[in-house]
$ cat input_22.tsv   # TSV, C-alpha atoms and all ligand atoms
chain	number	residue	atom	x	y	z
A	1138	MET	CA	8.06	10.68	-9.56
A	1139	GLN	CA	10.86	10.58	-12.08
A	1140	VAL	CA	11.20	7.49	-14.26
A	1141	HIS	CA	14.77	6.20	-14.17
A	1142	GLU	CA	16.58	3.84	-16.51
A	1143	LEU	CA	18.45	2.22	-13.62
A	1144	HIS	CA	17.07	-0.79	-11.81
A	1145	PRO	CA	15.60	0.51	-8.53
A	1146	ALA	CA	17.48	-0.31	-5.34
A	1147	LEU	CA	14.08	-0.97	-3.73
A	1148	SER	CA	10.82	-1.78	-5.44
A	1149	ILE	CA	7.61	-2.38	-3.50
A	1150	ARG	CA	4.63	-3.42	-5.61
A	1151	ASN	CA	1.03	-3.48	-4.37
A	1152	LEU	CA	2.15	-4.61	-0.94
A	1153	THR	CA	-0.49	-5.65	1.59
A	1154	LEU	CA	0.74	-6.79	5.01
A	1155	ALA	CA	-1.45	-8.97	7.23
A	1156	LEU	CA	-1.12	-9.07	11.01
A	1157	SER	CA	-2.83	-12.01	12.71
A	1158	THR	CA	-4.21	-11.31	16.15
A	1159	LYS	CA	-6.12	-13.59	18.51
A	1160	HIS	CA	-9.47	-12.55	17.10
A	1161	SER	CA	-8.90	-11.26	13.59
A	1162	VAL	CA	-6.52	-10.40	10.78
A	1163	LEU	CA	-5.53	-6.74	10.48
A	1164	TYR	CA	-4.02	-5.01	7.47
A	1165	PRO	CA	-1.50	-2.40	8.65
A	1166	VAL	CA	-0.29	-1.71	5.09
A	1167	ARG	CA	-2.57	-1.93	2.07
A	1168	ASP	CA	-1.73	-1.90	-1.60
A	1169	LEU	CA	1.48	0.12	-1.21
A	1170	SER	CA	3.82	0.68	-4.15
A	1171	LEU	CA	7.02	2.71	-4.16
A	1172	GLU	CA	10.51	2.73	-5.61
A	1173	VAL	CA	13.84	4.05	-4.39
A	1174	GLN	CA	16.48	4.68	-7.01
A	1175	PRO	CA	20.25	4.45	-6.37
A	1176	GLY	CA	21.53	7.73	-4.93
A	1177	SER	CA	18.10	9.05	-4.04
A	1178	LEU	CA	16.26	9.55	-0.77
A	1179	HIS	CA	12.61	8.51	-0.57
A	1180	ALA	CA	10.82	9.65	2.57
A	1181	ILE	CA	7.75	8.05	4.10
A	1182	ILE	CA	5.79	10.45	6.26
A	1183	GLY	CA	2.61	10.10	8.28
A	1184	GLU	CA	1.30	10.03	11.82
A	1185	SER	CA	2.08	7.26	14.32
A	1186	GLY	CA	0.46	3.96	13.39
A	1187	SER	CA	0.31	4.75	9.67
A	1188	GLY	CA	2.41	1.68	8.76
A	1189	LYS	CA	5.78	3.41	8.20
A	1190	SER	CA	7.87	1.26	10.52
A	1191	LEU	CA	6.10	-1.99	9.64
A	1192	THR	CA	6.91	-1.35	5.99
A	1193	CYS	CA	10.61	-1.03	6.93
A	1194	ARG	CA	10.47	-4.17	9.03
A	1195	ALA	CA	8.81	-6.08	6.18
A	1196	ILE	CA	11.67	-5.10	3.83
A	1197	MET	CA	14.21	-6.44	6.35
A	1198	ARG	CA	11.97	-9.42	7.21
A	1199	LEU	CA	12.25	-8.40	10.86
A	1200	GLY	CA	8.76	-9.44	11.86
A	1201	PRO	CA	6.71	-9.28	14.03
A	1202	HIS	CA	6.12	-13.06	13.67
A	1203	ALA	CA	2.41	-12.60	13.21
A	1204	MET	CA	2.97	-10.37	10.16
A	1205	THR	CA	2.99	-11.80	6.65
A	1206	ILE	CA	2.95	-10.46	3.13
A	1207	ARG	CA	-0.67	-11.03	2.10
A	1208	SER	CA	-0.11	-9.88	-1.47
A	1209	GLY	CA	2.29	-7.90	-3.59
A	1210	SER	CA	6.07	-8.00	-3.50
A	1211	ILE	CA	9.24	-6.40	-2.16
A	1212	HIS	CA	12.39	-6.49	-4.28
A	1213	VAL	CA	15.79	-5.21	-3.16
A	1214	GLY	CA	17.67	-4.92	-6.42
A	1215	GLN	CA	16.47	-8.05	-8.20
A	1216	THR	CA	16.03	-10.11	-5.02
A	1217	ASP	CA	12.50	-10.97	-3.94
A	1218	VAL	CA	12.90	-10.67	-0.16
A	1219	SER	CA	10.04	-13.11	0.51
A	1220	THR	CA	12.16	-15.95	-0.92
A	1221	LEU	CA	15.10	-15.48	1.49
A	1222	ARG	CA	15.68	-18.12	4.15
A	1223	GLY	CA	18.25	-18.87	6.88
A	1224	HIS	CA	21.80	-17.96	5.91
A	1225	GLU	CA	20.68	-16.03	2.82
A	1226	LEU	CA	18.46	-13.85	4.99
A	1227	SER	CA	21.21	-13.03	7.50
A	1228	GLU	CA	23.59	-12.30	4.63
A	1229	PHE	CA	20.94	-10.04	3.08
A	1230	ARG	CA	20.60	-7.98	6.28
A	1231	GLY	CA	23.74	-5.95	6.35
A	1232	SER	CA	25.27	-6.75	3.00
A	1233	ARG	CA	22.25	-5.76	0.86
A	1234	VAL	CA	20.36	-3.48	3.22
A	1235	GLY	CA	21.57	-1.54	6.24
A	1236	MET	CA	19.07	-0.31	8.78
A	1237	VAL	CA	19.26	2.48	11.34
A	1238	PHE	CA	16.59	2.71	14.02
A	1239	GLN	CA	15.36	5.57	16.20
A	1240	ASP	CA	17.20	3.87	19.06
A	1241	PRO	CA	20.72	2.81	17.99
A	1242	ALA	CA	20.90	0.21	20.81
A	1243	PRO	CA	20.32	-2.85	18.55
A	1244	HIS	CA	23.70	-2.16	16.93
A	1245	PHE	CA	25.59	-2.53	20.22
A	1246	ASN	CA	26.01	-5.02	23.00
A	1247	PRO	CA	25.51	-3.19	26.32
A	1248	ALA	CA	28.00	-5.51	28.02
A	1249	LYS	CA	30.78	-4.99	25.48
A	1250	ARG	CA	32.98	-2.05	24.59
A	1251	VAL	CA	31.62	-0.41	21.44
A	1252	GLY	CA	34.74	-0.56	19.31
A	1253	SER	CA	35.65	-4.16	20.01
A	1254	HIS	CA	32.03	-5.26	19.43
A	1255	LEU	CA	31.85	-3.47	16.08
A	1256	ILE	CA	35.27	-4.76	15.01
A	1257	ARG	CA	34.18	-8.35	15.78
A	1258	THR	CA	30.99	-7.74	13.83
A	1259	LEU	CA	33.07	-6.56	10.86
A	1260	GLU	CA	35.34	-9.62	11.10
A	1261	ARG	CA	32.33	-11.91	11.04
A	1262	ARG	CA	30.15	-10.09	8.54
A	1263	LEU	CA	32.87	-9.23	6.03
A	1264	ASN	CA	35.08	-12.21	6.67
A	1265	LEU	CA	38.07	-10.01	7.59
A	1266	THR	CA	41.12	-10.65	9.72
A	1267	ALA	CA	41.33	-8.74	13.01
A	1268	GLU	CA	43.81	-6.29	11.48
A	1269	GLU	CA	41.67	-5.74	8.36
A	1270	ALA	CA	38.59	-5.22	10.54
A	1271	ARG	CA	40.42	-2.59	12.65
A	1272	SER	CA	41.47	-0.77	9.51
A	1273	ARG	CA	37.90	-0.94	8.07
A	1274	PHE	CA	36.58	0.35	11.41
A	1275	THR	CA	38.93	3.36	11.19
A	1276	GLU	CA	37.75	4.05	7.60
A	1277	LEU	CA	34.12	3.84	8.70
A	1278	LEU	CA	34.71	6.22	11.60
A	1279	GLU	CA	36.18	8.75	9.19
A	1280	ARG	CA	33.27	8.29	6.83
A	1281	VAL	CA	30.73	9.05	9.57
A	1282	GLY	CA	32.75	11.97	10.92
A	1283	LEU	CA	34.09	10.37	14.11
A	1284	SER	CA	37.72	10.38	15.08
A	1285	GLY	CA	39.60	8.85	18.00
A	1286	ARG	CA	39.35	5.14	17.28
A	1287	ASP	CA	41.36	4.16	20.36
A	1288	ASP	CA	39.11	6.20	22.61
A	1289	LEU	CA	35.96	4.66	21.08
A	1290	LEU	CA	37.41	1.17	21.47
A	1291	GLN	CA	37.28	1.71	25.24
A	1292	LYS	CA	33.74	3.08	25.55
A	1293	TYR	CA	30.60	1.17	26.53
A	1294	PRO	CA	27.33	2.03	24.72
A	1295	HIS	CA	25.93	3.95	27.71
A	1296	GLU	CA	28.97	6.27	27.59
A	1297	LEU	CA	28.17	7.52	24.08
A	1298	SER	CA	26.22	10.72	23.36
A	1299	GLY	CA	23.03	10.29	21.27
A	1300	GLY	CA	24.65	11.76	18.15
A	1301	MET	CA	27.79	9.65	18.52
A	1302	ALA	CA	25.75	6.46	19.02
A	1303	GLN	CA	23.66	7.20	15.94
A	1304	ARG	CA	26.78	7.90	13.83
A	1305	LEU	CA	28.26	4.58	14.97
A	1306	ALA	CA	24.97	2.84	14.18
A	1307	ILE	CA	25.15	4.31	10.67
A	1308	ALA	CA	28.78	3.14	10.40
A	1309	ALA	CA	27.66	-0.38	11.34
A	1310	ALA	CA	24.75	-0.23	8.88
A	1311	ILE	CA	26.97	0.78	5.93
A	1312	ALA	CA	29.95	-1.41	6.87
A	1313	ALA	CA	29.37	-3.86	4.04
A	1314	ALA	CA	28.54	-1.06	1.57
A	1315	PRO	CA	24.92	-2.14	1.04
A	1316	PRO	CA	23.13	-0.42	-1.86
A	1317	LEU	CA	20.13	0.45	0.35
A	1318	LEU	CA	19.91	2.12	3.75
A	1319	ILE	CA	16.65	2.16	5.69
A	1320	ALA	CA	16.57	4.93	8.28
A	1321	ASP	CA	13.52	4.60	10.53
A	1322	GLU	CA	13.12	7.87	12.46
A	1323	PRO	CA	16.92	8.01	13.01
A	1324	THR	CA	16.87	11.56	14.35
A	1325	THR	CA	13.72	11.61	16.49
A	1326	ALA	CA	15.54	11.06	19.79
A	1327	LEU	CA	18.29	13.60	19.05
A	1328	ASP	CA	18.73	17.31	19.76
A	1329	VAL	CA	17.86	19.61	16.87
A	1330	THR	CA	21.50	20.44	16.03
A	1331	VAL	CA	22.54	16.77	16.18
A	1332	GLN	CA	19.51	15.82	14.03
A	1333	LYS	CA	20.77	18.10	11.30
A	1334	SER	CA	24.30	16.70	11.42
A	1335	VAL	CA	23.04	13.09	11.25
A	1336	LEU	CA	20.83	13.98	8.28
A	1337	GLU	CA	23.74	15.70	6.59
A	1338	LEU	CA	25.77	12.56	7.09
A	1339	ILE	CA	23.09	10.37	5.48
A	1340	ASP	CA	22.85	12.87	2.64
A	1341	GLU	CA	26.63	12.83	2.10
A	1342	LEU	CA	26.63	9.02	2.06
A	1343	ARG	CA	23.96	8.81	-0.58
A	1344	ARG	CA	25.76	11.37	-2.73
A	1345	GLY	CA	29.23	9.90	-2.13
A	1346	MET	CA	28.35	6.20	-2.28
A	1347	GLY	CA	25.24	6.30	-4.48
A	1348	LEU	CA	23.35	4.83	-1.55
A	1349	ALA	CA	19.57	4.57	-1.95
A	1350	VAL	CA	17.86	5.73	1.25
A	1351	LEU	CA	14.37	4.96	2.52
A	1352	PHE	CA	13.85	7.54	5.24
A	1353	VAL	CA	10.98	7.42	7.70
A	1354	SER	CA	10.13	10.57	9.58
A	1355	HIS	CA	7.35	12.72	10.90
A	1356	ASP	CA	9.60	15.79	10.72
A	1357	LEU	CA	8.38	17.58	7.61
A	1358	ALA	CA	11.10	20.26	7.74
A	1359	LEU	CA	13.86	17.61	7.52
A	1360	VAL	CA	12.01	15.72	4.83
A	1361	GLU	CA	11.47	18.83	2.72
A	1362	GLN	CA	15.16	19.61	2.86
A	1363	TYR	CA	16.56	16.19	1.99
A	1364	ALA	CA	13.98	13.99	0.22
A	1365	ASP	CA	13.76	13.50	-3.54
A	1366	ASP	CA	10.46	11.62	-3.40
A	1367	ILE	CA	7.78	11.31	-0.77
A	1368	THR	CA	5.09	8.82	0.15
A	1369	VAL	CA	2.43	10.12	2.53
A	1370	LEU	CA	0.97	7.16	4.41
A	1371	TYR	CA	-2.38	7.28	6.13
A	1372	ALA	CA	-3.84	4.23	7.88
A	1373	GLY	CA	-1.50	1.97	5.89
A	1374	THR	CA	-2.45	3.45	2.51
A	1375	ALA	CA	-0.42	5.77	0.30
A	1376	ALA	CA	-2.61	8.87	0.36
A	1377	GLU	CA	-0.24	10.76	-1.93
A	1378	GLN	CA	3.13	10.21	-3.63
A	1379	ASN	CA	5.17	12.70	-5.57
A	1380	ALA	CA	8.57	14.31	-6.00
A	1381	SER	CA	9.30	16.31	-2.87
A	1382	HIS	CA	9.52	19.71	-4.56
A	1383	ARG	CA	6.10	19.21	-6.15
A	1384	LEU	CA	4.38	17.73	-3.13
A	1385	PHE	CA	5.41	20.57	-0.83
A	1386	VAL	CA	4.33	23.20	-3.36
A	1387	ALA	CA	1.05	21.68	-4.53
A	1388	PRO	CA	-0.25	18.90	-2.27
A	1389	ARG	CA	-3.41	17.35	-3.73
A	1390	HIS	CA	-4.67	15.09	-0.97
A	1391	PRO	CA	-6.56	16.76	1.92
A	1392	TYR	CA	-4.47	14.76	4.42
A	1393	THR	CA	-1.20	16.01	2.90
A	1394	GLN	CA	-2.61	19.53	2.90
A	1395	ALA	CA	-3.54	19.19	6.59
A	1396	LEU	CA	-0.09	17.78	7.45
A	1397	LEU	CA	1.62	20.70	5.74
A	1398	ARG	CA	-0.68	23.21	7.45
A	1399	SER	CA	0.23	21.66	10.80
A	1400	ARG	CA	3.93	22.59	10.45
A	1401	PRO	CA	5.19	25.31	12.79
A	1402	ARG	CA	5.98	28.49	10.85
A	1403	PRO	CA	7.53	31.78	11.93
A	1404	ASP	CA	4.14	33.52	11.46
A	1405	ALA	CA	2.25	30.67	13.20
A	1406	PRO	CA	4.40	29.16	15.95
A	1407	VAL	CA	1.37	27.21	17.20
A	1408	PRO	CA	0.00	25.77	13.96
A	1409	PRO	CA	-3.44	24.15	13.68
A	1410	SER	CA	-3.42	20.43	14.49
A	1411	ILE	CA	-5.35	17.97	12.35
A	1412	PRO	CA	-8.75	17.47	13.99
A	1413	GLY	CA	-9.54	13.95	15.22
A	1414	VAL	CA	-7.19	11.00	15.50
A	1415	PRO	CA	-6.01	8.35	13.03
A	1416	PRO	CA	-8.29	5.29	12.96
A	1417	ARG	CA	-7.43	2.14	14.85
A	1418	LEU	CA	-6.53	-0.79	12.62
A	1419	GLU	CA	-9.34	-2.83	14.17
A	1420	GLN	CA	-11.86	-0.14	13.24
A	1421	LEU	CA	-10.86	1.20	9.86
A	1422	PRO	CA	-13.70	3.26	8.43
A	1423	SER	CA	-15.36	2.23	5.19
A	1424	GLY	CA	-14.54	4.17	2.04
A	1425	CYS	CA	-11.66	6.61	2.37
A	1426	PRO	CA	-9.89	6.00	5.70
A	1427	PHE	CA	-9.46	9.78	6.14
A	1428	HIS	CA	-13.17	10.63	5.71
A	1429	PRO	CA	-14.03	11.07	9.44
A	1430	ARG	CA	-11.40	13.85	9.64
A	1431	CYS	CA	-11.65	15.29	6.17
A	1432	PRO	CA	-13.21	18.74	5.67
A	1433	ALA	CA	-13.71	18.04	1.95
A	1434	ALA	CA	-15.53	14.68	2.31
A	1435	ILE	CA	-18.52	14.02	0.07
A	1436	ASP	CA	-20.93	11.05	0.09
A	1437	PRO	CA	-18.83	8.59	-1.98
A	1438	CYS	CA	-15.92	9.13	0.44
A	1439	ARG	CA	-17.90	7.27	3.13
A	1440	SER	CA	-18.53	4.18	1.04
A	1441	ASP	CA	-15.99	3.87	-1.80
A	1442	ARG	CA	-12.28	3.44	-1.24
A	1443	PRO	CA	-10.51	5.87	-3.59
A	1444	ALA	CA	-8.32	4.30	-6.25
A	1445	PRO	CA	-4.92	5.83	-7.02
A	1446	THR	CA	-5.14	8.66	-9.53
A	1447	SER	CA	-2.01	9.33	-11.58
A	1448	TRP	CA	-1.23	12.97	-12.29
A	1449	PRO	CA	0.46	14.34	-15.41
A	1450	ASP	CA	3.49	15.40	-13.32
A	1451	GLY	CA	4.12	11.79	-12.26
A	1452	GLY	CA	2.54	11.98	-8.79
A	1453	GLN	CA	-0.38	9.93	-7.48
A	1454	SER	CA	-3.05	10.44	-4.88
A	1455	ARG	CA	-6.10	8.59	-3.60
A	1456	CYS	CA	-8.87	11.12	-3.28
A	1457	HIS	CA	-12.31	11.25	-4.95
A	1458	VAL	CA	-12.54	15.01	-4.69
A	1459	ALA	CA	-9.03	15.77	-5.97
A	1460	ALA	CA	-9.71	13.52	-8.97
A	1461	ARG	CA	-13.13	15.14	-9.65
A	1462	ASN	CA	-11.77	18.66	-9.34
A	1463	ALA	CA	-9.05	17.86	-11.85
A	1464	GLY	CA	-11.47	16.05	-14.16
A	1465	VAL	CA	-9.29	12.93	-13.94
A	1466	THR	CA	-10.74	9.40	-13.97
A	1467	GLU	CA	-9.76	7.33	-10.92
B	1501	LIG	FE1	-11.32	13.57	1.89
B	1501	LIG	FE2	-12.92	12.18	0.31
B	1501	LIG	FE3	-10.51	12.80	-0.53
B	1501	LIG	FE4	-10.82	11.01	1.41
B	1501	LIG	S1	-11.50	10.80	-0.71
B	1501	LIG	S2	-9.35	12.64	1.36
B	1501	LIG	S3	-12.56	11.83	2.48
B	1501	LIG	S4	-12.17	14.22	-0.06

$ encode --input "input_22.tsv" --output "structure tokens"
Amino acid sequence: MQVHELHPALSIRNLTLALSTKHSVLYPVRDLSLEVQPGSLHAIIGESGSGKSLTCRAIMRLGPHAMTIRSGSIHVGQTDVSTLRGHELSEFRGSRVGMVFQDPAPHFNPAKRVGSHLIRTLERRLNLTAEEARSRFTELLERVGLSGRDDLLQKYPHELSGGMAQRLAIAAAIAAAPPLLIADEPTTALDVTVQKSVLELIDELRRGMGLAVLFVSHDLALVEQYADDITVLYAGTAAEQNASHRLFVAPRHPYTQALLRSRPRPDAPVPPSIPGVPPRLEQLPSGCPFHPRCPAAIDPCRSDRPAPTSWPDGGQSRCHVAARNAGVTE
């Protein structure tokens, strides 16, 4: 990944998350490091259960209650999020980081008309008068490509289309002009054409506002088109990280290679799926967590966890075989 002079909008260093259950402690994210620079889009990709959403929730300190930071750190700008408490934490959510979920429902109150609820939220969050909040709401609607404020003021959340609800959720998330937007599978529940327009909106916002975006998705086509940098997560570990244009051209980790092979293509509308299933957190295999599914596995893969190998182009991967083939020391 590129080295920037600017202070990153998000910096995660050697993060390990612990999840306490009745019988044991699980580690859904292990030793994860990544940065998101102002104005850039960093995508996290991986199968379900790879730790993508828990990483986002840890940045926002949104729980679950049983989850703690076991080691490492998360900084948004220069703020260590683990130090935030009470009022500071609520201030942080919204004014420093906006978040958009797969389901936009958390941004609305099902019993209240959408417009009036969002205007009240703006009054409270930005300390605006009712008139100022209405004017800010109109500006936000324009920014996210929605018109007809008066009509929206009258609608209840269940009356919105999926694309309209997600655009309003984005408007709510960027209302206080936070430097960082976390978008956790924001397009998964939308039609293909609406997905593209929501992604274009996020892309415009990062270009127009210099917004840093952490984008979680399992849609490789969208990620390839919009991401600057990519982290491929597998079983809570960063299997590979690199600039998007390099990762899609020359993936080094067998899991990334398998993910890319599993994309539908015009010449292979039914692409090969990755054999096997991701491991359960309670039963993580020893050594490399991908070894039971990996066609390239050798003996050390079953016993030794691969360390990150840094590549001359700035990328990193955790794979014994990739490191050996390149003659690089792990
Ligand atoms: Fe496959 Fe071994 Fe590399 Fe893991 S370390 S991805 S098992 S080759």

$ closest_residue --input "input_22.tsv" --among "A:Gly1300, A:Pro1388, A:Pro1449, A:Gly1252" --to "ligand LIG 1501 (chain B)" --atoms "all atoms listed in the file"
A:Pro1388

$ residues_around --input "input_22.tsv" --residues "Ala1395 of chain A" --least-positions-apart "3" --cutoff "10 Å" --atoms "all atoms listed in the file" --output "list of chain:residue names"
A:Pro1388, A:His1390, A:Pro1391, A:Tyr1392, A:Arg1398, A:Ser1399, A:Arg1400, A:Pro1409, A:Ser1410, A:Ile1411, A:Pro1412, A:Arg1430, A:Cys1431, A:Pro1432

$ residues_near_ligand --input "input_22.tsv" --ligand "ligand LIG 1501 (chain B)" --cutoff "6 Å" --atoms "only C-alpha atoms and all ligand atoms" --output "mmCIF file with C-alpha atoms, in the frame of the given file"
data_model
loop_
_atom_site.group_PDB
_atom_site.id
_atom_site.type_symbol
_atom_site.label_atom_id
_atom_site.label_comp_id
_atom_site.auth_asym_id
_atom_site.auth_seq_id
_atom_site.Cartn_x
_atom_site.Cartn_y
_atom_site.Cartn_z
ATOM 1 C CA HIS A 1390 -4.670 15.090 -0.970
ATOM 2 C CA PRO A 1391 -6.560 16.760 1.920
ATOM 3 C CA CYS A 1425 -11.660 6.610 2.370
ATOM 4 C CA PHE A 1427 -9.460 9.780 6.140
ATOM 5 C CA HIS A 1428 -13.170 10.630 5.710
ATOM 6 C CA CYS A 1431 -11.650 15.290 6.170
ATOM 7 C CA ALA A 1433 -13.710 18.040 1.950
ATOM 8 C CA ALA A 1434 -15.530 14.680 2.310
ATOM 9 C CA ILE A 1435 -18.520 14.020 0.070
ATOM 10 C CA CYS A 1438 -15.920 9.130 0.440
ATOM 11 C CA PRO A 1443 -10.510 5.870 -3.590
ATOM 12 C CA CYS A 1456 -8.870 11.120 -3.280
ATOM 13 C CA HIS A 1457 -12.310 11.250 -4.950
ATOM 14 C CA VAL A 1458 -12.540 15.010 -4.690
#

$ residues_around --input "input_22.tsv" --residues "Thr1446 of chain A" --least-positions-apart "6" --cutoff "7 Å" --atoms "only C-alpha atoms" --output "ChimeraX atom specification"
/A:1453-1455,1460,1467

$ closest_residue --input "input_22.tsv" --among "A:Val1162, A:Leu1191, A:Leu1342, A:Leu1171" --to "Gly1452 of chain A" --atoms "all atoms listed in the file"
A:Leu1171

$ residues_around --input "input_22.tsv" --residues "Tyr1164 of chain A" --least-positions-apart "6" --cutoff "10 Å" --atoms "only C-alpha atoms" --output "PDB file with C-alpha atoms, keeping the file's coordinate frame"
ATOM      1  CA  THR A1153      -0.490  -5.650   1.590  1.00  0.00           C
ATOM      2  CA  LEU A1154       0.740  -6.790   5.010  1.00  0.00           C
ATOM      3  CA  ALA A1155      -1.450  -8.970   7.230  1.00  0.00           C
ATOM      4  CA  LEU A1156      -1.120  -9.070  11.010  1.00  0.00           C
ATOM      5  CA  SER A1157      -2.830 -12.010  12.710  1.00  0.00           C
ATOM      6  CA  GLY A1188       2.410   1.680   8.760  1.00  0.00           C
ATOM      7  CA  MET A1204       2.970 -10.370  10.160  1.00  0.00           C
ATOM      8  CA  THR A1205       2.990 -11.800   6.650  1.00  0.00           C
ATOM      9  CA  ILE A1206       2.950 -10.460   3.130  1.00  0.00           C
ATOM     10  CA  ARG A1207      -0.670 -11.030   2.100  1.00  0.00           C
ATOM     11  CA  ALA A1372      -3.840   4.230   7.880  1.00  0.00           C
ATOM     12  CA  GLY A1373      -1.500   1.970   5.890  1.00  0.00           C
ATOM     13  CA  THR A1374      -2.450   3.450   2.510  1.00  0.00           C
ATOM     14  CA  LEU A1418      -6.530  -0.790  12.620  1.00  0.00           C
ATOM     15  CA  GLU A1419      -9.340  -2.830  14.170  1.00  0.00           C
ATOM     16  CA  LEU A1421     -10.860   1.200   9.860  1.00  0.00           C
TER      17      LEU A1421
END

$ atom_distance --input "input_22.tsv" --atom1 "atom CA of His1254 of chain A" --atom2 "atom CA of Gly1282 of chain A"
19.2 Å

$ closest_atom_pairs --input "input_22.tsv" --of "segment 1155-1271 of chain A" --to "segment 1318-1333 of chain A" --cutoff "12 Å" --atoms "only C-alpha atoms" --output "CSV"
residue,atom,partner,partner_atom,distance
A:Val1173,CA,A:Leu1318,CA,10.3
A:Gln1174,CA,A:Leu1318,CA,11.6
A:Pro1175,CA,A:Leu1318,CA,10.4
A:Gly1176,CA,A:Leu1318,CA,10.5
A:Ser1177,CA,A:Leu1318,CA,10.6
A:Leu1178,CA,A:Leu1318,CA,9.4
A:His1179,CA,A:Ile1319,CA,9.8
A:Ala1180,CA,A:Ala1320,CA,9.4
A:Ile1181,CA,A:Asp1321,CA,9.3
A:Ile1182,CA,A:Glu1322,CA,9.9
A:Gly1183,CA,A:Glu1322,CA,11.5
A:Ser1185,CA,A:Glu1322,CA,11.2
A:Gly1188,CA,A:Asp1321,CA,11.6
A:Lys1189,CA,A:Asp1321,CA,8.2
A:Ser1190,CA,A:Asp1321,CA,6.6
A:Leu1191,CA,A:Asp1321,CA,10.0
A:Thr1192,CA,A:Asp1321,CA,10.0
A:Cys1193,CA,A:Ile1319,CA,6.9
A:Arg1194,CA,A:Asp1321,CA,9.4
A:Ala1195,CA,A:Ile1319,CA,11.4
A:Ile1196,CA,A:Ile1319,CA,9.0
A:Met1197,CA,A:Ile1319,CA,9.0
A:Val1213,CA,A:Leu1318,CA,10.9
A:Arg1230,CA,A:Leu1318,CA,10.4
A:Gly1231,CA,A:Leu1318,CA,9.3
A:Ser1232,CA,A:Leu1318,CA,10.4
A:Arg1233,CA,A:Leu1318,CA,8.7
A:Val1234,CA,A:Leu1318,CA,5.6
A:Gly1235,CA,A:Leu1318,CA,4.7
A:Met1236,CA,A:Ile1319,CA,4.6
A:Val1237,CA,A:Ala1320,CA,4.8
A:Phe1238,CA,A:Asp1321,CA,5.0
A:Gln1239,CA,A:Pro1323,CA,4.3
A:Asp1240,CA,A:Pro1323,CA,7.3
A:Pro1241,CA,A:Pro1323,CA,8.1
A:Ala1242,CA,A:Pro1323,CA,11.7

$ write_last_selection --input "input_22.tsv" --atoms "C-alpha atoms" --output "PDB file, keeping the file's coordinate frame"
ATOM      1  CA  VAL A1173      13.840   4.050  -4.390  1.00  0.00           C
ATOM      2  CA  GLN A1174      16.480   4.680  -7.010  1.00  0.00           C
ATOM      3  CA  PRO A1175      20.250   4.450  -6.370  1.00  0.00           C
ATOM      4  CA  GLY A1176      21.530   7.730  -4.930  1.00  0.00           C
ATOM      5  CA  SER A1177      18.100   9.050  -4.040  1.00  0.00           C
ATOM      6  CA  LEU A1178      16.260   9.550  -0.770  1.00  0.00           C
ATOM      7  CA  HIS A1179      12.610   8.510  -0.570  1.00  0.00           C
ATOM      8  CA  ALA A1180      10.820   9.650   2.570  1.00  0.00           C
ATOM      9  CA  ILE A1181       7.750   8.050   4.100  1.00  0.00           C
ATOM     10  CA  ILE A1182       5.790  10.450   6.260  1.00  0.00           C
ATOM     11  CA  GLY A1183       2.610  10.100   8.280  1.00  0.00           C
ATOM     12  CA  SER A1185       2.080   7.260  14.320  1.00  0.00           C
ATOM     13  CA  GLY A1188       2.410   1.680   8.760  1.00  0.00           C
ATOM     14  CA  LYS A1189       5.780   3.410   8.200  1.00  0.00           C
ATOM     15  CA  SER A1190       7.870   1.260  10.520  1.00  0.00           C
ATOM     16  CA  LEU A1191       6.100  -1.990   9.640  1.00  0.00           C
ATOM     17  CA  THR A1192       6.910  -1.350   5.990  1.00  0.00           C
ATOM     18  CA  CYS A1193      10.610  -1.030   6.930  1.00  0.00           C
ATOM     19  CA  ARG A1194      10.470  -4.170   9.030  1.00  0.00           C
ATOM     20  CA  ALA A1195       8.810  -6.080   6.180  1.00  0.00           C
ATOM     21  CA  ILE A1196      11.670  -5.100   3.830  1.00  0.00           C
ATOM     22  CA  MET A1197      14.210  -6.440   6.350  1.00  0.00           C
ATOM     23  CA  VAL A1213      15.790  -5.210  -3.160  1.00  0.00           C
ATOM     24  CA  ARG A1230      20.600  -7.980   6.280  1.00  0.00           C
ATOM     25  CA  GLY A1231      23.740  -5.950   6.350  1.00  0.00           C
ATOM     26  CA  SER A1232      25.270  -6.750   3.000  1.00  0.00           C
ATOM     27  CA  ARG A1233      22.250  -5.760   0.860  1.00  0.00           C
ATOM     28  CA  VAL A1234      20.360  -3.480   3.220  1.00  0.00           C
ATOM     29  CA  GLY A1235      21.570  -1.540   6.240  1.00  0.00           C
ATOM     30  CA  MET A1236      19.070  -0.310   8.780  1.00  0.00           C
ATOM     31  CA  VAL A1237      19.260   2.480  11.340  1.00  0.00           C
ATOM     32  CA  PHE A1238      16.590   2.710  14.020  1.00  0.00           C
ATOM     33  CA  GLN A1239      15.360   5.570  16.200  1.00  0.00           C
ATOM     34  CA  ASP A1240      17.200   3.870  19.060  1.00  0.00           C
ATOM     35  CA  PRO A1241      20.720   2.810  17.990  1.00  0.00           C
ATOM     36  CA  ALA A1242      20.900   0.210  20.810  1.00  0.00           C
TER      37      ALA A1242
END

$ residues_around --input "input_22.tsv" --residues "Ile1211 of chain A" --least-positions-apart "4" --cutoff "8 Å" --atoms "only C-alpha atoms" --output "ChimeraX atom specification"
/A:1147-1150,1152,1196,1217-1219
